[in-house]
$ cat entry00.cif   # mmCIF, C-alpha atoms
data_input
#
loop_
_atom_site.label_atom_id
_atom_site.label_comp_id
_atom_site.auth_asym_id
_atom_site.auth_seq_id
_atom_site.Cartn_x
_atom_site.Cartn_y
_atom_site.Cartn_z
CA MET S 1 91.73 90.48 139.53
CA GLU S 2 94.38 87.81 139.83
CA THR S 3 92.97 86.15 136.70
CA ILE S 4 93.07 89.42 134.76
CA SER S 5 96.66 90.01 135.86
CA GLN S 6 97.58 86.55 134.61
CA ILE S 7 95.89 87.23 131.27
CA LYS S 8 97.87 90.45 130.94
CA GLU S 9 101.11 88.65 131.73
CA TYR S 10 100.43 85.96 129.13
CA ALA S 11 99.34 88.57 126.58
CA ARG S 12 102.58 90.50 126.99
CA GLU S 13 104.62 87.30 126.75
CA LEU S 14 102.85 86.55 123.45
CA ASN S 15 103.37 90.18 122.31
CA LEU S 16 99.61 90.80 122.34
CA THR S 17 100.14 94.34 123.55
CA SER S 18 96.73 95.69 122.59
CA LEU S 19 94.96 92.84 124.38
CA ALA S 20 97.09 93.40 127.49
CA THR S 21 96.04 97.05 127.71
CA GLN S 22 92.36 96.59 126.85
CA ILE S 23 91.40 93.33 128.56
CA GLU S 24 89.42 94.98 131.38
CA SER S 25 87.20 96.96 129.01
CA LEU S 26 86.69 93.91 126.78
CA ILE S 27 85.62 91.78 129.73
CA GLU S 28 83.30 94.51 130.97
CA ASP S 29 81.71 94.84 127.51
CA ALA S 30 81.19 91.06 127.39
CA ARG S 31 79.55 91.08 130.83
CA ARG S 32 77.26 93.98 129.91
CA THR S 33 76.14 92.48 126.59
CA GLN S 34 76.25 88.86 127.79
CA ALA S 35 78.17 88.00 124.66
CA PRO S 36 78.61 84.32 123.76
CA TYR S 37 82.06 82.86 124.38
CA SER S 38 82.71 82.70 120.63
CA ASP S 39 81.92 86.42 120.18
CA PHE S 40 84.06 87.32 123.18
CA SER S 41 86.98 85.30 121.81
CA LEU S 42 86.54 86.96 118.43
CA SER S 43 86.57 90.43 120.03
CA LEU S 44 89.88 89.66 121.74
CA LEU S 45 91.54 88.70 118.47
CA GLU S 46 89.88 91.52 116.55
CA LYS S 47 91.20 94.19 118.91
CA GLU S 48 94.73 92.87 118.58
CA ILE S 49 94.55 92.55 114.80
CA LEU S 50 93.09 96.03 114.29
CA SER S 51 95.72 97.53 116.59
CA ARG S 52 98.53 95.80 114.70
CA ARG S 53 97.14 96.89 111.34
CA ALA S 54 96.95 100.49 112.51
CA ALA S 55 100.50 100.38 113.85
CA ASN S 56 101.75 98.76 110.64
CA LEU S 57 100.03 101.40 108.50
CA ALA S 58 101.49 104.20 110.63
CA ARG S 59 104.96 102.68 110.32
CA ARG S 60 104.71 102.35 106.53
CA LEU S 61 103.35 105.88 106.14
CA LYS S 62 106.26 107.23 108.16
CA SER S 63 108.73 105.28 106.04
CA ALA S 64 107.09 106.52 102.83
CA GLN S 65 107.88 110.19 103.64
CA LEU S 66 104.83 111.51 101.82
CA PRO S 67 104.48 115.22 101.03
CA ILE S 68 102.22 117.21 103.36
CA ALA S 69 99.47 117.45 100.74
CA HIS S 70 98.72 113.85 99.76
CA ASP S 71 95.04 113.22 100.44
CA LEU S 72 93.32 113.05 97.05
CA ASP S 73 89.94 113.35 98.76
CA GLN S 74 90.95 116.97 99.25
CA TYR S 75 92.02 117.47 95.62
CA ASN S 76 90.60 120.68 94.15
CA HIS S 77 89.00 119.68 90.86
CA ALA S 78 88.08 123.29 90.21
CA PHE S 79 91.77 123.79 89.42
CA VAL S 80 91.96 122.78 85.75
CA ASN S 81 95.34 121.23 84.97
CA GLY S 82 94.62 118.59 82.34
CA ILE S 83 93.55 115.64 84.48
CA THR S 84 89.82 114.99 84.85
CA PRO S 85 87.97 113.62 87.92
CA PRO S 86 87.19 110.30 86.12
CA GLN S 87 90.87 109.90 85.19
CA LEU S 88 92.01 110.56 88.74
CA LYS S 89 89.38 108.13 90.06
CA GLN S 90 90.67 105.45 87.69
CA LEU S 91 94.25 106.05 88.78
CA ARG S 92 93.20 105.68 92.44
CA GLU S 93 91.88 102.19 91.69
CA LEU S 94 95.55 101.16 91.18
CA ILE S 95 94.87 98.67 88.41
CA TRP S 96 97.98 100.06 86.70
CA LEU S 97 100.03 99.16 89.77
CA ASP S 98 98.88 95.54 89.66
CA GLN S 99 100.09 95.43 86.06
CA ASN S 100 103.48 97.04 86.85
CA PHE S 101 102.64 100.09 84.75
CA ASN S 102 104.47 103.36 85.34
CA LEU S 103 103.08 106.89 85.44
CA MET S 104 104.95 109.95 84.27
CA LEU S 105 103.51 113.32 85.32
CA ILE S 106 104.97 116.13 83.22
CA GLY S 107 104.20 119.77 83.89
CA ALA S 108 105.41 123.10 85.12
CA SER S 109 105.85 123.90 88.81
CA GLY S 110 102.57 124.17 90.69
CA THR S 111 100.45 121.96 88.41
CA SER S 112 99.83 119.42 91.22
CA LYS S 113 102.33 116.78 90.07
CA THR S 114 103.64 116.16 93.58
CA MET S 115 100.22 116.04 95.22
CA ILE S 116 98.88 113.54 92.68
CA ALA S 117 102.00 111.38 92.97
CA GLY S 118 101.94 111.54 96.77
CA GLY S 119 98.23 110.82 96.83
CA LEU S 120 98.57 107.72 94.68
CA CYS S 121 101.46 106.57 96.86
CA TYR S 122 99.20 107.06 99.90
CA GLU S 123 96.43 105.01 98.25
CA ALA S 124 98.91 102.21 97.53
CA ILE S 125 100.13 102.11 101.13
CA LYS S 126 96.56 101.97 102.45
CA GLN S 127 95.90 98.99 100.18
CA GLY S 128 98.92 97.10 101.50
CA TYR S 129 101.55 97.80 98.86
CA LYS S 130 105.15 98.66 99.72
CA ALA S 131 105.43 102.22 98.46
CA LEU S 132 107.96 105.01 98.99
CA PHE S 133 107.99 108.67 98.02
CA ARG S 134 111.41 110.20 97.41
CA THR S 135 112.60 113.44 95.89
CA MET S 136 115.39 113.33 93.34
CA ASP S 137 117.65 115.04 95.85
CA GLN S 138 117.05 112.21 98.35
CA ILE S 139 117.72 109.59 95.67
CA THR S 140 120.92 111.41 94.70
CA GLN S 141 122.21 111.36 98.27
CA THR S 142 121.34 107.69 98.70
CA ILE S 143 123.14 106.70 95.50
CA LYS S 144 126.22 108.69 96.51
CA MET S 145 126.38 107.34 100.07
CA LYS S 146 125.05 103.76 99.82
CA ASP S 147 128.55 102.26 99.78
CA ILE S 148 129.76 104.58 102.54
CA THR S 149 127.17 104.74 105.33
CA THR S 150 124.97 102.10 106.92
CA MET S 151 121.95 104.41 106.85
CA ALA S 152 122.21 104.98 103.10
CA ALA S 153 122.81 101.28 102.46
CA ARG S 154 119.68 100.42 104.45
CA GLU S 155 117.69 103.04 102.55
CA TYR S 156 118.87 101.64 99.21
CA THR S 157 117.80 98.16 100.28
CA HIS S 158 114.33 99.55 101.07
CA LEU S 159 114.18 101.11 97.60
CA LEU S 160 114.95 97.77 95.97
CA ALA S 161 112.06 96.06 97.79
CA VAL S 162 109.18 98.36 96.82
CA ASP S 163 106.05 97.71 94.81
CA LEU S 164 105.87 101.42 93.97
CA LEU S 165 108.56 104.10 93.96
CA VAL S 166 107.74 107.77 93.43
CA LEU S 167 110.63 109.82 92.04
CA ASP S 168 109.68 113.46 92.52
CA ASP S 169 111.20 116.29 90.47
CA ILE S 170 113.46 114.05 88.42
CA MET S 171 115.73 115.91 86.00
CA MET S 172 115.05 119.30 87.58
CA PHE S 173 118.81 119.73 87.73
CA PRO S 174 121.66 118.11 85.77
CA LEU S 175 122.92 114.86 87.32
CA GLU S 176 126.53 113.90 87.87
CA LYS S 177 127.68 110.85 85.91
CA GLU S 178 127.94 108.70 89.05
CA VAL S 179 124.39 109.56 90.09
CA ALA S 180 123.00 109.08 86.57
CA VAL S 181 124.53 105.60 86.35
CA GLY S 182 123.24 104.77 89.83
CA LEU S 183 119.76 105.95 88.84
CA PHE S 184 119.84 103.68 85.81
CA GLN S 185 120.90 100.74 87.97
CA LEU S 186 118.05 101.37 90.41
CA ILE S 187 115.46 101.68 87.64
CA ASN S 188 116.87 98.67 85.82
CA HIS S 189 116.63 96.53 88.99
CA LEU S 190 112.98 97.45 89.55
CA HIS S 191 112.01 97.32 85.86
CA GLU S 192 108.88 95.15 85.44
CA LYS S 193 109.07 94.12 89.11
CA ALA S 194 107.61 97.34 90.48
CA SER S 195 105.95 100.53 89.29
CA PHE S 196 107.30 104.08 89.17
CA ILE S 197 105.57 107.41 89.40
CA ILE S 198 107.82 110.05 87.87
CA THR S 199 107.19 113.76 88.27
CA THR S 200 109.21 116.09 86.08
CA ASN S 201 109.10 119.49 84.43
CA LYS S 202 111.22 118.23 81.54
CA SER S 203 109.99 116.39 78.47
CA PRO S 204 111.71 113.06 77.76
CA LYS S 205 113.66 114.58 74.86
CA GLU S 206 115.26 117.05 77.33
CA TRP S 207 116.58 114.28 79.61
CA ALA S 208 119.68 113.70 77.47
CA GLU S 209 120.65 117.34 77.99
CA MET S 210 120.26 117.02 81.77
CA LEU S 211 122.34 113.83 81.85
CA ASP S 212 124.79 114.98 79.17
CA ASP S 213 124.62 111.41 77.91
CA GLU S 214 122.13 110.49 75.21
CA VAL S 215 122.82 106.76 75.45
CA LEU S 216 122.19 106.67 79.21
CA ALA S 217 119.09 108.85 78.91
CA THR S 218 117.72 106.55 76.23
CA ALA S 219 118.38 103.48 78.39
CA ILE S 220 116.58 105.02 81.39
CA LEU S 221 113.60 106.19 79.33
CA ASP S 222 113.41 102.87 77.51
CA ARG S 223 112.66 101.15 80.83
CA LEU S 224 110.39 103.82 82.25
CA LEU S 225 108.29 104.34 79.11
CA TYR S 226 107.96 100.68 78.08
CA LYS S 227 104.72 100.30 80.07
CA CYS S 228 103.83 103.85 81.00
CA GLU S 229 100.98 106.35 81.00
CA VAL S 230 102.34 109.83 80.29
CA ILE S 231 100.13 112.54 81.80
CA ARG S 232 100.83 116.11 80.76
CA LEU S 233 99.63 118.64 83.31
CA LYS S 234 99.11 122.24 82.31
CA GLY S 235 97.87 125.56 83.57
CA ASN S 236 99.10 128.17 86.00
CA SER S 237 100.64 127.37 89.36
CA TYR S 238 98.01 126.35 91.92
CA ARG S 239 100.18 127.82 94.69
CA LEU S 240 100.45 131.21 92.96
CA GLU S 241 96.73 131.33 92.18
CA ASN S 242 95.91 130.42 95.79
CA ARG S 243 98.65 132.39 97.49
CA LYS S 244 98.29 132.71 101.25
CA THR S 245 98.76 135.92 103.21
CA PHE S 246 98.96 136.71 106.91
CA PHE S 247 97.45 140.18 106.47
CA ASN S 248 93.82 140.67 107.44
CA GLU S 249 92.03 141.27 104.15
CA ASN S 250 88.82 142.52 105.73
CA LYS S 251 88.15 145.62 103.63
CA SER S 252 86.03 147.15 106.37
CA GLN S 253 89.12 147.68 108.47
CA GLN S 254 91.00 150.91 108.09
CA ALA S 255 94.69 150.99 107.43
#

$ encode --input "entry00.cif" --output "structure tokens"
Amino acid sequence: METISQIKEYARELNLTSLATQIESLIEDARRTQAPYSDFSLSLLEKEILSRRAANLARRLKSAQLPIAHDLDQYNHAFVNGITPPQLKQLRELIWLDQNFNLMLIGASGTSKTMIAGGLCYEAIKQGYKALFRTMDQITQTIKMKDITTMAAREYTHLLAVDLLVLDDIMMFPLEKEVAVGLFQLINHLHEKASFIITTNKSPKEWAEMLDDEVLATAILDRLLYKCEVIRLKGNSYRLENRKTFFNENKSQQA
């Protein structure tokens, strides 16, 4: 027991926290299976590595701020909205991300833009990319406050370091001049260094109206559309077609 206590102490000093908490069970497993020293040593390192990977993934997922519905394994392909299962499968392979391509998802509310964007962001994080999901409202607040508060400045620094940035519901509402210029600066900094996924219910030609500045709108679109796959989603709202209710709909029950 003294030896195990010493191992724990050394493990904590070396920041091998998983090893420190699991050493007894690892030793017991090695005794039971009579594992060779090399296999036992490998198991020690493997436990620590797997624990660190899991913690790192959890940290990056938390930072990403994904929407609640983001698992594309749960995507309902029975809902026809203009994107086919083979197309979605190809997008999930992330070849476009390796090539710094952008995606623009255009469609009315409820056509699964946010879920697809969040799902692809989730896939990117699982594969080790630095990816963040932000609504346009969050981006607006960051741009406004980045020179005022430490929190916003730190957030803006994170945005500048991504491999993939999802901008959800861009151009849903008109943007103030300060925010529009800040958006251009952000996009310009990441242009051809990272990929964007844009979700919007406005066609590119409507962006100038939302910005009230055709020159600025053209400059933003020029960078986003240079290497970009534009996906137009259609159909009725998935949420409205699958509306939830708390009433018991068992027709056998009497009112």

$ closest_residue --input "entry00.cif" --among "S:Ala219, S:Leu44, S:Leu233, S:Leu167" --to "S:Lys113" --atoms "only C-alpha atoms"
S:Leu233

$ residues_around --input "entry00.cif" --residues "stretch 12-27 of chain S" --least-positions-apart "3" --cutoff "7 Å" --atoms "only C-alpha atoms" --output "list in words"
Lys8, Glu9, Ala30, Arg31, Leu44, Lys47, Glu48 and Ser51 of chain S

$ residues_around --input "entry00.cif" --residues "S:Ala64" --least-positions-apart "6" --cutoff "10 Å" --atoms "only C-alpha atoms" --output "JSON, numbers by chain"
{"S": [58, 118, 121, 122, 125, 130, 131, 132, 133, 134, 165, 166]}

$ write_last_selection --input "entry00.cif" --atoms "C-alpha atoms" --output "PDB file, keeping the file's coordinate frame"
ATOM      1  CA  ALA S  58     101.490 104.200 110.630  1.00  0.00           C
ATOM      2  CA  GLY S 118     101.940 111.540  96.770  1.00  0.00           C
ATOM      3  CA  CYS S 121     101.460 106.570  96.860  1.00  0.00           C
ATOM      4  CA  TYR S 122      99.200 107.060  99.900  1.00  0.00           C
ATOM      5  CA  ILE S 125     100.130 102.110 101.130  1.00  0.00           C
ATOM      6  CA  LYS S 130     105.150  98.660  99.720  1.00  0.00           C
ATOM      7  CA  ALA S 131     105.430 102.220  98.460  1.00  0.00           C
ATOM      8  CA  LEU S 132     107.960 105.010  98.990  1.00  0.00           C
ATOM      9  CA  PHE S 133     107.990 108.670  98.020  1.00  0.00           C
ATOM     10  CA  ARG S 134     111.410 110.200  97.410  1.00  0.00           C
ATOM     11  CA  LEU S 165     108.560 104.100  93.960  1.00  0.00           C
ATOM     12  CA  VAL S 166     107.740 107.770  93.430  1.00  0.00           C
TER      13      VAL S 166
END

$ residues_around --input "entry00.cif" --residues "S:Asp212" --least-positions-apart "6" --cutoff "10 Å" --atoms "all atoms listed in the file" --output "list in words"
Pro174, Leu175, Glu176, Lys177, Ala180 and Glu206 of chain S

$ atom_distance --input "entry00.cif" --atom1 "atom CA of S:His70" --atom2 "atom CA of S:Met115"
5.3 Å

$ residues_near_point --input "entry00.cif" --point "(101.2, 96.7, 86.7)" --cutoff "10 Å" --atoms "only C-alpha atoms" --output "list in words"
Leu94, Ile95, Trp96, Leu97, Asp98, Gln99, Asn100, Phe101, Asn102, Asp163, Leu164, Glu192, Lys193, Ala194, Ser195, Phe196, Lys227 and Cys228 of chain S

$ residues_around --input "entry00.cif" --residues "S:Asp73" --least-positions-apart "2" --cutoff "12 Å" --atoms "only C-alpha atoms" --output "PyMOL selection string"
chain S and resi 69-71+75-77+85+88-89+92+115-116+119-120+122-123

$ atom_distance --input "entry00.cif" --atom1 "atom CA of S:Tyr129" --atom2 "atom CA of S:Arg154"
19.2 Å

$ atom_distance --input "entry00.cif" --atom1 "atom CA of S:Ile139" --atom2 "atom CA of S:Asp169"
10.7 Å

$ resolve_selection --input "entry00.cif" --expression "the PyMOL selection byres ((chain S and resi 225) around 10)" --output "list in words"
Phe101, Asn102, Leu103, Met104, Pro204, Ile220, Leu221, Asp222, Arg223, Leu224, Tyr226, Lys227, Cys228, Glu229 and Val230 of chain S

$ axis_aligned_box --input "entry00.cif" --around "stretch 95-113 of chain S" --padding-each-side "4 Å" --output "lines of an AutoDock Vina configuration file"
center_x = 100.4
center_y = 109.8
center_z = 87.2
size_x = 19.0
size_y = 36.7
size_z = 16.0

$ residues_around --input "entry00.cif" --residues "S:Tyr156" --least-positions-apart "6" --cutoff "12 Å" --atoms "all atoms listed in the file" --output "PyMOL selection string"
chain S and resi 132+134+138-150+162+165+182-183+185-186+189

$ closest_residue --input "entry00.cif" --among "S:Val181, S:Arg59, S:Lys234, S:Thr200" --to "S:Val215" --atoms "all atoms listed in the file"
S:Val181

$ closest_residue --input "entry00.cif" --among "S:Ile106, S:Ile170, S:Ile198, S:Ala152" --to "S:Leu211" --atoms "all atoms listed in the file"
S:Ile170
